[in-house]
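First up is the structure itself, then whatever we jot down about it.
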Amino acid sequence: MATLQKKRLTSSVGGFFFVLPSIIAIAIFVYGMIAWTLNISLTNRNSSAVKAPKHVGLKNYIELMADARFTHALSNLLKFTTVFILGTLISGFIMALLLEKGIKGEGLFRSIYLYPMAISFIAMGTVWRWLLNSSQGADAGGLNLILQKLGLGFLQNNWYISEKGSMFAMTLPAIWQMSGYVLALFLAGFRGIPDDLREAARVDGASESKIYRYVLFPQLSPTFLTVLIILGHISMKVFDLIVGISGKSYVTDVLAVYMWQVTFDITNYAKGAAIAIIILLMVAIVVIPYLRYVNKNEEYR
Amino acid sequence: MRKSSYRLAAALAAVALVVAGCSSSSKTDTAAADKSLEIFTWWSAGGEAAGLAELENQFKAANPNTEYINASIAGGAGVNAKAVLTSRLEANDPPDSFQAHAGMELDGYVKSGKLEDLTFLYKEQGWDTIFPADLIKTLTVDGKIYSVPVNIHRANVLWSNPATNAKAGVAKDPATLDEFFANLEKFKKAGIQPLALATEWTQAHLMDWMLLATLGPDAFNGLFDGTTSWTSPEVAKALKNFQKALGYANKDAQNLDWPDAGKLITSGKAGYFIMGDWASAQWQSEGLVLDTDYTWAPAPGTVGIYQWLSDSFTLPVGAKDRNAAISWLTICGSKDGQDAFNPKKGSISARTDSDPAGYDNYLKAAMESWKVDRLVGSTVHGVNGNNALMAAYNSAVGKFYTGGFKDTAGLATDLAAAYEAGKA
């Protein structure tokens with residue numbers, strides 16, 4: 001008995017020491033850096049010439065609200081996020097629904113749909129930059145050319161350079177990349193539902209569509225939430241895709257790109273830090289309720 | 001758990017890098033003379049890299065015991081390099097010398113005390129009389145000079161294709177804006193895209209020229225010292241001209257980088273292209289021949305004006321190998337150095353005494369103009385305004401262009417705001 005307790009103690013202490021380096025690393029490189037950024041955002045380090053920064057309260061944040069470029073970037077980001085999340089959810093879910101039946105060659109389809117995930121955003125951006133070329137008619141290339149060949153020439157578009165539709169065009173590559181991932185998550189969700197439930201429903205005489213509607217879909221709500229959170233935070237932080245496709249152009253400005261420009265090109269560190277904190281808050285609004293929900297569920301179990 | 005182990009691995013990698021960095025720098029500190037020289041540029045390919053290699057060779061010949069370290073980071077106009085440089089300077093770990101556009105683009109570095117005053121070197125080398133007076137005047141900030149220009153590019157050049165000109169019946173290069181617009185009409189009638197245009201900064205480049213052509217050099221310079229108002233009727237007229245010119249340009253401009261727009265000229269698809277003289281170097285590297293495949297003229301309305309920009313090298317405060325860096329800067333400013341570098345880079349020497357022998361016909365003509373023309377800086381390429389002004393300047397043009405270039409009054413307001421942003 002005593003030896004057993006001793007063993008358990010050493011193993012838990014050993015375990016603690018084992019994770020200690022990562023605790024320290026996270027404390028410094030995640031939370032420490034957040035605190036540092038927050039601190040800079042409250043100072044007047046508005047150019048590299050400021051030698052002794054002073055705290056100025058929320059001045060940088062208030063100025064951001066009046067900055068037309070910031071509000072432009074924010075509204076672009078919200079447009080992007082809405083369409084990206086909806087599009088990815090719908091397409092990923094439908095694909096999962098089709099594969100869920102256990103069709104032949106499911107593994108093959110799963111890998112095909114997941115492959116886009118293996119490409120980095122920046123490489124994908126470069127390729128989609130060509131695909132989304134706005135030339136039409138005789139000069140058309142990329143998607144516009146494909147549409148022409150398919151006899152859908154009237155769908156030809158200015159894509160990411162059009163004033164109103166630029167952000168919607170930007171969601172195309174993002175949806176293309178992430179739907180496979182959503183498919184995998186939903187498929188795992190479907191597979192996690194015990195067969196007994198379906199059988200029980202069948203025994204009770206439920207039709208196939210009713211089984212989906214009343215038995216399977218409700219079971220997927222945790223998966224749904226997970227997907228929403230993952231897509232939401234990816235979307236808020238979107239940077240490399242935008243830069244890969246259109247660089248730092250005004251028309252497709254989003255918060256992360258503007259933050260980069262303000263911080264590194266203009267060296268307005270305080271303003272850049274303020275934008276970073278706003279992005280963090282936006283992600284936190286999405287993620288924190290989810291983490292609380294997950295923790296509660298785990299305790300319950 | 002898995003995530004945190006990635007984080008740990010990343011942290012360990014970072015620590016390893018720092019340790020490696022420390023050990024290498026301590027090696028140089030222990031040496032009495034400078035063992036190495038680290039040069040930071042964004043010249044990593046093509047004629048730029050070839051030109052840099054010429055300077056490197058001269059440096060090695062003069063300093064056989066110093067190791068030359070090329071810390072170049074790829075990316076046009078330093079888009080990637082500048083961020084790396086900013087973080088290195090903030091961490092007080094500067095390279096021994098770094099590339100920057102001469103003029104106000106250095107403003108941030110100067111104000112934050114990151115650069116050493118090089119006036120002593122100008123006196124020692126006699127550069128203060130060999131470089132043109134207009135150039136010295138622009139380089140001087142509060143009586144001090146912080147960089148050594150290694151080359152001069154010309155921004156206000158009109159490029160066209162002799163075959164396209166003949167096809168559209170354009171006999172003479174336009175000298176005035178009226179002739180320019182008349183010729184654009186001729187191209188249009190002949191079924192040729194009148195004007196080639198590319199992404200955001202080239203639109204700003206076009207506008208910069210249009211402001212200069214409409215306002216004239218004095219009022220143009222006044223825009224950047226506060227004596228000309230951005231909301232004045234003259235500027236409004238210039239922006240109307242800009243708007244008119246955009247109407248003649250290819251609609252997919254935003255998709256194209258400048259070499260793509262240049263191809264429209266050399267392939268005969270477009271009539272005119274307003275671009276800096278790096279276009280010539282680019283086309284020659286593609287095997288095209290000056291005066292056969294393409295031809296040039298001073299941009300209309302700015303004949304006798306040389307709108308310049310310049311790449312220059314600096315001496316950061318706290319450079320580890322200061323002596324080697326000064327030797328490097330001496331080579332950069334020297335006649336031999338500049339005459340070796342510039343024919344490769346496709347630019348001219350900033351010196352008035354350079355030897356035209358190694359340069360091509362365009363560059364020879366540019367060298368003549370450089371000596372006699374009125375010199376005016378380029379805004380888009382860092383001469384007239386600091387980084388804050390340039391970022392706002394480009395995004396104002398981007399906003400105007402994507403809005404269908406309708407709102408010239410709004411553009412003027414945004415440009416005025418850009419000027420204010422540069423002052424802050």
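Lettering and numbering for the structure tokens are positional, with chains as A, B, ... in the shown order, residues counted from 1 in each chain, and ligands counted from 1 in the shown order.
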When you get a sec, could you note down which chain B residues fall within 8 Å of chain A, using only C-alpha atoms, as a list in words? Ser4, Ser5, Arg7, Leu8, Ala11, Lys82, Ala83, Thr86, Gly108, Tyr109, Lys111, Ser112, Gly113, Glu200, Lys251, Asp252, Gln254, Asn255, Asn387, Ala388, Ala391, Ser395, Ala396, Gly398, Lys399, Thr402, Gly403 and Gly404 of chain B
Write down as a PyMOL selection string the residues belonging to segment 126-306 of chain B that are assigned alpha helix (DSSP H) by DSSP computed on the backbone. chain B and resi 127-130+133-139+162-168+177-189+200-222+233-246+258-266+278-285
Once you have the residues from the selection above, write them out as an mmCIF file, in the first residue's frame, restricted to C-alpha atoms.
```cif
data_model
loop_
_atom_site.group_PDB
_atom_site.id
_atom_site.type_symbol
_atom_site.label_atom_id
_atom_site.label_comp_id
_atom_site.auth_asym_id
_atom_site.auth_seq_id
_atom_site.Cartn_x
_atom_site.Cartn_y
_atom_site.Cartn_z
ATOM 1 C CA TRP B 127 30.864 63.590 -52.512
ATOM 2 C CA ASP B 128 29.258 66.861 -51.437
ATOM 3 C CA THR B 129 30.475 68.424 -54.690
ATOM 4 C CA ILE B 130 30.359 65.344 -56.953
ATOM 5 C CA ALA B 133 23.295 69.852 -55.522
ATOM 6 C CA ASP B 134 19.544 69.052 -55.751
ATOM 7 C CA LEU B 135 20.307 65.508 -54.583
ATOM 8 C CA ILE B 136 22.447 66.660 -51.658
ATOM 9 C CA LYS B 137 19.694 69.080 -50.687
ATOM 10 C CA THR B 138 17.102 66.284 -50.569
ATOM 11 C CA LEU B 139 19.399 63.923 -48.689
ATOM 12 C CA PRO B 162 7.713 51.245 -82.186
ATOM 13 C CA ALA B 163 5.564 48.683 -84.012
ATOM 14 C CA THR B 164 2.470 49.637 -82.017
ATOM 15 C CA ASN B 165 3.151 53.336 -82.588
ATOM 16 C CA ALA B 166 3.354 52.748 -86.335
ATOM 17 C CA LYS B 167 0.173 50.686 -86.317
ATOM 18 C CA ALA B 168 -1.792 53.428 -84.550
ATOM 19 C CA LEU B 177 -0.385 66.101 -71.632
ATOM 20 C CA ASP B 178 -2.626 67.238 -74.514
ATOM 21 C CA GLU B 179 -0.517 65.327 -77.013
ATOM 22 C CA PHE B 180 -0.487 62.374 -74.619
ATOM 23 C CA PHE B 181 -4.271 62.184 -74.453
ATOM 24 C CA ALA B 182 -4.552 62.726 -78.219
ATOM 25 C CA ASN B 183 -2.263 59.748 -78.798
ATOM 26 C CA LEU B 184 -4.228 57.609 -76.348
ATOM 27 C CA GLU B 185 -7.263 58.291 -78.536
ATOM 28 C CA LYS B 186 -5.299 57.161 -81.593
ATOM 29 C CA PHE B 187 -4.421 53.873 -79.906
ATOM 30 C CA LYS B 188 -8.023 53.403 -78.938
ATOM 31 C CA LYS B 189 -9.177 53.956 -82.527
ATOM 32 C CA GLU B 200 -1.923 49.492 -56.589
ATOM 33 C CA TRP B 201 1.547 51.009 -56.397
ATOM 34 C CA THR B 202 1.809 51.426 -60.165
ATOM 35 C CA GLN B 203 -1.477 53.325 -60.058
ATOM 36 C CA ALA B 204 0.045 55.555 -57.396
ATOM 37 C CA HIS B 205 3.130 55.836 -59.604
ATOM 38 C CA LEU B 206 0.938 57.043 -62.470
ATOM 39 C CA MET B 207 -0.782 59.567 -60.226
ATOM 40 C CA ASP B 208 2.525 60.825 -58.885
ATOM 41 C CA TRP B 209 3.650 61.588 -62.421
ATOM 42 C CA MET B 210 0.287 63.179 -63.249
ATOM 43 C CA LEU B 211 0.554 65.491 -60.241
ATOM 44 C CA LEU B 212 4.045 66.503 -61.334
ATOM 45 C CA ALA B 213 3.020 66.975 -64.966
ATOM 46 C CA THR B 214 -0.032 69.073 -64.109
ATOM 47 C CA LEU B 215 1.348 71.122 -61.235
ATOM 48 C CA GLY B 216 4.929 71.611 -62.388
ATOM 49 C CA PRO B 217 7.967 70.913 -60.192
ATOM 50 C CA ASP B 218 7.640 73.819 -57.748
ATOM 51 C CA ALA B 219 4.007 73.307 -56.844
ATOM 52 C CA PHE B 220 4.607 69.536 -56.776
ATOM 53 C CA ASN B 221 7.405 69.890 -54.243
ATOM 54 C CA GLY B 222 5.115 72.247 -52.342
ATOM 55 C CA PRO B 233 -8.048 73.513 -57.586
ATOM 56 C CA GLU B 234 -4.688 72.697 -59.246
ATOM 57 C CA VAL B 235 -4.556 69.332 -57.498
ATOM 58 C CA ALA B 236 -8.196 68.754 -58.391
ATOM 59 C CA LYS B 237 -7.267 69.354 -62.033
ATOM 60 C CA ALA B 238 -4.360 66.911 -61.780
ATOM 61 C CA LEU B 239 -6.615 64.265 -60.262
ATOM 62 C CA LYS B 240 -9.136 64.800 -63.055
ATOM 63 C CA ASN B 241 -6.314 64.134 -65.514
ATOM 64 C CA PHE B 242 -5.396 61.028 -63.556
ATOM 65 C CA GLN B 243 -9.008 59.881 -63.678
ATOM 66 C CA LYS B 244 -9.077 60.487 -67.415
ATOM 67 C CA ALA B 245 -5.887 58.462 -67.913
ATOM 68 C CA LEU B 246 -7.245 55.552 -65.841
ATOM 69 C CA TRP B 258 4.357 45.664 -63.223
ATOM 70 C CA PRO B 259 6.298 43.181 -65.413
ATOM 71 C CA ASP B 260 2.937 41.786 -66.612
ATOM 72 C CA ALA B 261 1.786 45.273 -67.548
ATOM 73 C CA GLY B 262 5.147 45.785 -69.257
ATOM 74 C CA LYS B 263 4.503 42.710 -71.380
ATOM 75 C CA LEU B 264 1.391 44.414 -72.741
ATOM 76 C CA ILE B 265 3.738 46.982 -74.284
ATOM 77 C CA THR B 266 6.380 44.646 -75.636
ATOM 78 C CA TRP B 278 13.885 49.445 -64.268
ATOM 79 C CA ALA B 279 11.482 48.353 -67.014
ATOM 80 C CA SER B 280 14.332 48.639 -69.497
ATOM 81 C CA ALA B 281 16.575 46.365 -67.417
ATOM 82 C CA GLN B 282 13.739 43.852 -67.072
ATOM 83 C CA TRP B 283 13.086 43.765 -70.822
ATOM 84 C CA GLN B 284 16.764 43.436 -71.680
ATOM 85 C CA SER B 285 16.958 40.468 -69.332
#
```
Determine, counting only C-alpha atoms, which protein, DNA and RNA residues have an atom within 6 Å of an atom of segment 35-39 of chain B; residues of the same chain fewer than 3 positions away are not included. Present the result as an NGL selection string. :B and (66-71 or 95-98)
Find the distance between atom CA of Ser232 of chain B and atom CA of Leu411 of chain B and write it in Å to one decimal.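 These atoms are spaced 12.4 Å apart.
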Can you list, as a PyMOL selection string, every protein, DNA or RNA residue that comes within 8 Å of segment 83-100 of chain A when you count only C-alpha atoms, leaving out same-chain residues fewer than 5 positions away? chain A and resi 106+168+171-172+174-176+178-184+186-187+190-191+227-228+231-232+235
Let me see the file: selected residues, N, CA and C atoms, as an mmCIF file, in the first residue's frame.
```cif
data_model
loop_
_atom_site.group_PDB
_atom_site.id
_atom_site.type_symbol
_atom_site.label_atom_id
_atom_site.label_comp_id
_atom_site.auth_asym_id
_atom_site.auth_seq_id
_atom_site.Cartn_x
_atom_site.Cartn_y
_atom_site.Cartn_z
ATOM 1 N N GLU A 106 -14.702 5.107 -49.938
ATOM 2 C CA GLU A 106 -14.849 6.243 -49.043
ATOM 3 C C GLU A 106 -13.489 6.820 -48.649
ATOM 4 N N PHE A 168 -16.057 38.244 -50.992
ATOM 5 C CA PHE A 168 -16.768 36.997 -51.272
ATOM 6 C C PHE A 168 -15.906 36.118 -52.175
ATOM 7 N N THR A 171 -13.408 34.184 -50.266
ATOM 8 C CA THR A 171 -13.831 33.016 -49.500
ATOM 9 C C THR A 171 -13.751 31.741 -50.330
ATOM 10 N N LEU A 172 -13.754 31.874 -51.662
ATOM 11 C CA LEU A 172 -13.721 30.672 -52.508
ATOM 12 C C LEU A 172 -12.549 29.752 -52.164
ATOM 13 N N ALA A 174 -10.725 29.744 -49.531
ATOM 14 C CA ALA A 174 -10.772 29.342 -48.124
ATOM 15 C C ALA A 174 -11.779 28.213 -47.930
ATOM 16 N N ILE A 175 -12.942 28.331 -48.582
ATOM 17 C CA ILE A 175 -13.953 27.271 -48.477
ATOM 18 C C ILE A 175 -13.414 25.990 -49.100
ATOM 19 N N TRP A 176 -12.787 26.161 -50.269
ATOM 20 C CA TRP A 176 -12.224 25.007 -50.967
ATOM 21 C C TRP A 176 -11.240 24.273 -50.067
ATOM 22 N N MET A 178 -10.983 24.388 -46.608
ATOM 23 C CA MET A 178 -11.402 23.924 -45.295
ATOM 24 C C MET A 178 -12.580 22.941 -45.318
ATOM 25 N N SER A 179 -13.312 22.847 -46.457
ATOM 26 C CA SER A 179 -14.484 21.952 -46.395
ATOM 27 C C SER A 179 -14.092 20.511 -46.146
ATOM 28 N N GLY A 180 -12.961 20.071 -46.652
ATOM 29 C CA GLY A 180 -12.528 18.701 -46.434
ATOM 30 C C GLY A 180 -12.340 18.411 -44.956
ATOM 31 N N TYR A 181 -11.825 19.394 -44.267
ATOM 32 C CA TYR A 181 -11.593 19.263 -42.834
ATOM 33 C C TYR A 181 -12.926 19.152 -42.092
ATOM 34 N N VAL A 182 -13.862 20.002 -42.491
ATOM 35 C CA VAL A 182 -15.188 19.976 -41.882
ATOM 36 C C VAL A 182 -15.861 18.632 -42.173
ATOM 37 N N LEU A 183 -15.666 18.173 -43.393
ATOM 38 C CA LEU A 183 -16.170 16.846 -43.760
ATOM 39 C C LEU A 183 -15.653 15.787 -42.790
ATOM 40 N N ALA A 184 -14.340 15.806 -42.536
ATOM 41 C CA ALA A 184 -13.745 14.800 -41.668
ATOM 42 C C ALA A 184 -14.322 14.889 -40.261
ATOM 43 N N PHE A 186 -17.282 16.101 -39.317
ATOM 44 C CA PHE A 186 -18.667 15.653 -39.273
ATOM 45 C C PHE A 186 -18.761 14.143 -39.459
ATOM 46 N N LEU A 187 -17.889 13.607 -40.310
ATOM 47 C CA LEU A 187 -17.903 12.169 -40.536
ATOM 48 C C LEU A 187 -17.567 11.439 -39.240
ATOM 49 N N PHE A 190 -20.604 11.540 -37.096
ATOM 50 C CA PHE A 190 -21.584 10.523 -37.493
ATOM 51 C C PHE A 190 -21.173 9.146 -36.991
ATOM 52 N N ARG A 191 -19.881 8.853 -37.163
ATOM 53 C CA ARG A 191 -19.394 7.524 -36.786
ATOM 54 C C ARG A 191 -19.424 7.326 -35.274
ATOM 55 N N VAL A 227 -16.728 22.801 -35.003
ATOM 56 C CA VAL A 227 -16.434 23.286 -36.350
ATOM 57 C C VAL A 227 -16.568 24.803 -36.402
ATOM 58 N N LEU A 228 -17.634 25.297 -35.798
ATOM 59 C CA LEU A 228 -17.887 26.737 -35.806
ATOM 60 C C LEU A 228 -16.728 27.500 -35.174
ATOM 61 N N LEU A 231 -13.465 27.222 -37.410
ATOM 62 C CA LEU A 231 -13.549 28.092 -38.583
ATOM 63 C C LEU A 231 -13.532 29.558 -38.172
ATOM 64 N N GLY A 232 -14.255 29.847 -37.080
ATOM 65 C CA GLY A 232 -14.341 31.242 -36.625
ATOM 66 C C GLY A 232 -12.980 31.817 -36.313
ATOM 67 N N SER A 235 -10.796 32.286 -39.391
ATOM 68 C CA SER A 235 -11.262 33.391 -40.202
ATOM 69 C C SER A 235 -10.846 34.748 -39.637
#
```
Would you please give, as a PyMOL selection string, all residues of segment 98-319 of chain B that DSSP assigns to strand (DSSP E or B) based on the backbone? chain B and resi 98-101+115+140-141+144-145+147-149+152-154+157-160+193-195+249+270-275+290+294-298+305-309+311-314+316
Counting only C-alpha atoms, what is within 12 Å of Lys335 of chain B, bar same-chain residues fewer than 5 positions away, as a list in words? Leu55, Gln58, Gln125, Gly126, Trp127, Ile130, Phe131, Pro149, Val150, Asn151, Thr330, Ala340, Phe341, Asn342, Ile348, Ser349, Ala350, Arg351, Thr352, Asp353, Ser354, Asp355 and Pro356 of chain B
Go ahead and save the residues from that selection, with C-alpha atoms, as a short mmCIF file (atom, residue, chain, number, x, y, z; two decimals), in the first residue's frame.
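So again28.cif came out as:
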```cif
data_model
loop_
_atom_site.label_atom_id
_atom_site.label_comp_id
_atom_site.auth_asym_id
_atom_site.auth_seq_id
_atom_site.Cartn_x
_atom_site.Cartn_y
_atom_site.Cartn_z
CA LEU B 55 30.22 45.77 -55.26
CA GLN B 58 35.37 45.35 -55.08
CA GLN B 125 35.37 61.64 -50.25
CA GLY B 126 34.36 64.94 -51.82
CA TRP B 127 30.86 63.59 -52.51
CA ILE B 130 30.36 65.34 -56.95
CA PHE B 131 26.71 64.48 -56.33
CA PRO B 149 23.14 56.77 -52.81
CA VAL B 150 24.54 54.01 -54.98
CA ASN B 151 22.32 54.56 -58.00
CA THR B 330 33.21 54.27 -49.59
CA ALA B 340 30.37 48.60 -61.93
CA PHE B 341 27.06 48.34 -60.12
CA ASN B 342 24.77 50.43 -62.28
CA ILE B 348 22.75 55.37 -63.60
CA SER B 349 25.43 56.57 -61.24
CA ALA B 350 24.43 59.31 -58.83
CA ARG B 351 27.78 60.98 -59.50
CA THR B 352 28.11 63.66 -62.13
CA ASP B 353 31.55 62.41 -63.20
CA SER B 354 30.71 58.81 -64.08
CA ASP B 355 32.05 57.18 -67.22
CA PRO B 356 29.26 56.47 -69.78
#
```
